[in-house]
Amino acid sequence: MKLEKLINENIIQDGDEHFSKNAKTPLIKDAFLKSDKEKIDIIQNHMKSILETLGMDLSDDSLKGTPLRVAKMFVNEIFGGLHPDNKPKASTFNNSYKYGEMLVEKNITLYSTCEHHLLPIVGKAHVAYISKGTVVGLSKMNRIVDYYSKRPQVQERLTLQIVEELQEILGTKDVACVIDAKHLCVNSRGISDVSSSTVTSEFGGSFNQVDKKREFLDYIQLDTTF
């Protein structure tokens, strides 16, 4: 087999492998052996070293509590979605009223963190599903978005994780998600383009049909300002 053909085939296989299996957040094997308190203590010490290396005077009243504040924020807040114990409980209910059209939860506020520079991602998620017999509480859709957002992320993976989680909960492939977000790693550094945003989408099951996809996209364009 020619080398060029072999390289191309390996690239294709690697690409397929990426899209089929890499929707999971990359974690080390022993990610949850340490307690939250242990993690906070370790991060606090590292953050102190980082700030001192940058030349900051941590004896200043404004700065002396910063290492601990950052450590607690990392573990308990902005990266709290890493720990499986924080995964929202999403009970389902029988679709007893036989609603057969798509249900759309739009403009879900999203705060995440870019895993490349640890800078904020801020935007909106729009999520929809078509019931195959079960429904989920509306707030749970928001909580699922929030849970997977609260970790170092790339937007493509986040979009896939939201869809795959709802597919598992609802027992249907008919789930869709569109995310429109600003990345401060683009807006506030590097190219410093403050006007651009990033849009990602994932359409499962019947949402791959042109008419269903168009219907969903039309719904999220509706003006619902109250």
# chains A, B, ... in the order shown; residues from 1 in each chain; ligands from 1
call {"tool": "residues_around", "arguments": {"residues": "stretch 168-174 of chain A", "least_positions_apart": "4", "cutoff": "7 Å", "atoms": "only C-alpha atoms", "output": "PyMOL selection string"}}
result
chain A and resi 129-130+132+134-135+164+204-207
call {"tool": "write_last_selection", "arguments": {"atoms": "N, CA and C atoms", "output": "PDB file, in the first residue's frame"}}
result
ATOM      1  N   TYR A 129     -36.402  18.547  21.742  1.00  0.00           N
ATOM      2  CA  TYR A 129     -36.559  17.105  21.584  1.00  0.00           C
ATOM      3  C   TYR A 129     -37.992  16.800  21.165  1.00  0.00           C
ATOM      4  N   ILE A 130     -38.167  15.620  20.605  1.00  0.00           N
ATOM      5  CA  ILE A 130     -39.492  15.099  20.257  1.00  0.00           C
ATOM      6  C   ILE A 130     -39.704  13.845  21.088  1.00  0.00           C
ATOM      7  N   LYS A 132     -40.699  10.356  22.651  1.00  0.00           N
ATOM      8  CA  LYS A 132     -41.020   9.001  22.203  1.00  0.00           C
ATOM      9  C   LYS A 132     -41.797   8.267  23.302  1.00  0.00           C
ATOM     10  N   THR A 134     -41.777   9.677  26.734  1.00  0.00           N
ATOM     11  CA  THR A 134     -41.416  10.287  28.009  1.00  0.00           C
ATOM     12  C   THR A 134     -41.037  11.750  27.797  1.00  0.00           C
ATOM     13  N   VAL A 135     -41.217  12.531  28.856  1.00  0.00           N
ATOM     14  CA  VAL A 135     -40.818  13.939  28.839  1.00  0.00           C
ATOM     15  C   VAL A 135     -39.977  14.213  30.068  1.00  0.00           C
ATOM     16  N   GLU A 164     -26.279  14.140  23.780  1.00  0.00           N
ATOM     17  CA  GLU A 164     -26.158  12.737  24.158  1.00  0.00           C
ATOM     18  C   GLU A 164     -26.790  12.466  25.529  1.00  0.00           C
ATOM     19  N   GLY A 204     -29.962  15.216  16.110  1.00  0.00           N
ATOM     20  CA  GLY A 204     -30.106  13.774  16.201  1.00  0.00           C
ATOM     21  C   GLY A 204     -31.439  13.293  15.670  1.00  0.00           C
ATOM     22  N   GLY A 205     -31.455  12.070  15.164  1.00  0.00           N
ATOM     23  CA  GLY A 205     -32.702  11.438  14.729  1.00  0.00           C
ATOM     24  C   GLY A 205     -33.442  12.249  13.688  1.00  0.00           C
ATOM     25  N   SER A 206     -34.731  12.494  13.930  1.00  0.00           N
ATOM     26  CA  SER A 206     -35.576  13.157  12.931  1.00  0.00           C
ATOM     27  C   SER A 206     -35.201  14.615  12.720  1.00  0.00           C
ATOM     28  N   PHE A 207     -34.368  15.184  13.592  1.00  0.00           N
ATOM     29  CA  PHE A 207     -33.930  16.562  13.376  1.00  0.00           C
ATOM     30  C   PHE A 207     -32.972  16.676  12.195  1.00  0.00           C
TER      31      PHE A 207
END
call {"tool": "select_by_dssp", "arguments": {"residues": "stretch 39-175 of chain A", "states": "alpha helix (DSSP H)", "output": "ChimeraX atom specification"}}
result
/A:39-53,66-73,138-149,155-170
call {"tool": "closest_residue", "arguments": {"among": "A:Lys150, A:Lys212, A:Lys124, A:Lys48", "to": "A:Lys182", "atoms": "only C-alpha atoms"}}
result
A:Lys124
call {"tool": "closest_residue", "arguments": {"among": "A:Asn86, A:Ser96, A:Ser188, A:Ser201", "to": "A:Arg143", "atoms": "only C-alpha atoms"}}
result
A:Asn86
call {"tool": "closest_residue", "arguments": {"among": "A:Glu165, A:Asp60, A:Glu105, A:Glu156", "to": "A:Glu202", "atoms": "only C-alpha atoms"}}
result
A:Glu156
call {"tool": "atom_distance", "arguments": {"atom1": "atom CA of A:Leu103", "atom2": "atom CA of A:Ala181"}}
result
22.0 Å
call {"tool": "closest_residue", "arguments": {"among": "A:Asn107, A:Gln209, A:Gln44, A:Thr159", "to": "A:Thr225", "atoms": "only C-alpha atoms"}}
result
A:Asn107
call {"tool": "atom_distance", "arguments": {"atom1": "atom CA of A:Tyr97", "atom2": "atom CA of A:Lys140"}}
result
19.5 Å
call {"tool": "residues_around", "arguments": {"residues": "A:Leu217", "least_positions_apart": "4", "cutoff": "10 Å", "atoms": "only C-alpha atoms", "output": "PyMOL selection string"}}
result
chain A and resi 126+177-178+211-213+221-222
call {"tool": "closest_residue", "arguments": {"among": "A:Ile50, A:Asp85, A:Tyr219, A:Phe93", "to": "A:Pro67", "atoms": "only C-alpha atoms"}}
result
A:Ile50
call {"tool": "residues_around", "arguments": {"residues": "stretch 191-198 of chain A", "least_positions_apart": "5", "cutoff": "10 Å", "atoms": "only C-alpha atoms", "output": "PyMOL selection string"}}
result
chain A and resi 121-123+155-156+179-186
call {"tool": "closest_residue", "arguments": {"among": "A:Val163, A:Leu119, A:Ile43, A:Ser49", "to": "A:Arg189", "atoms": "only C-alpha atoms"}}
result
A:Leu119
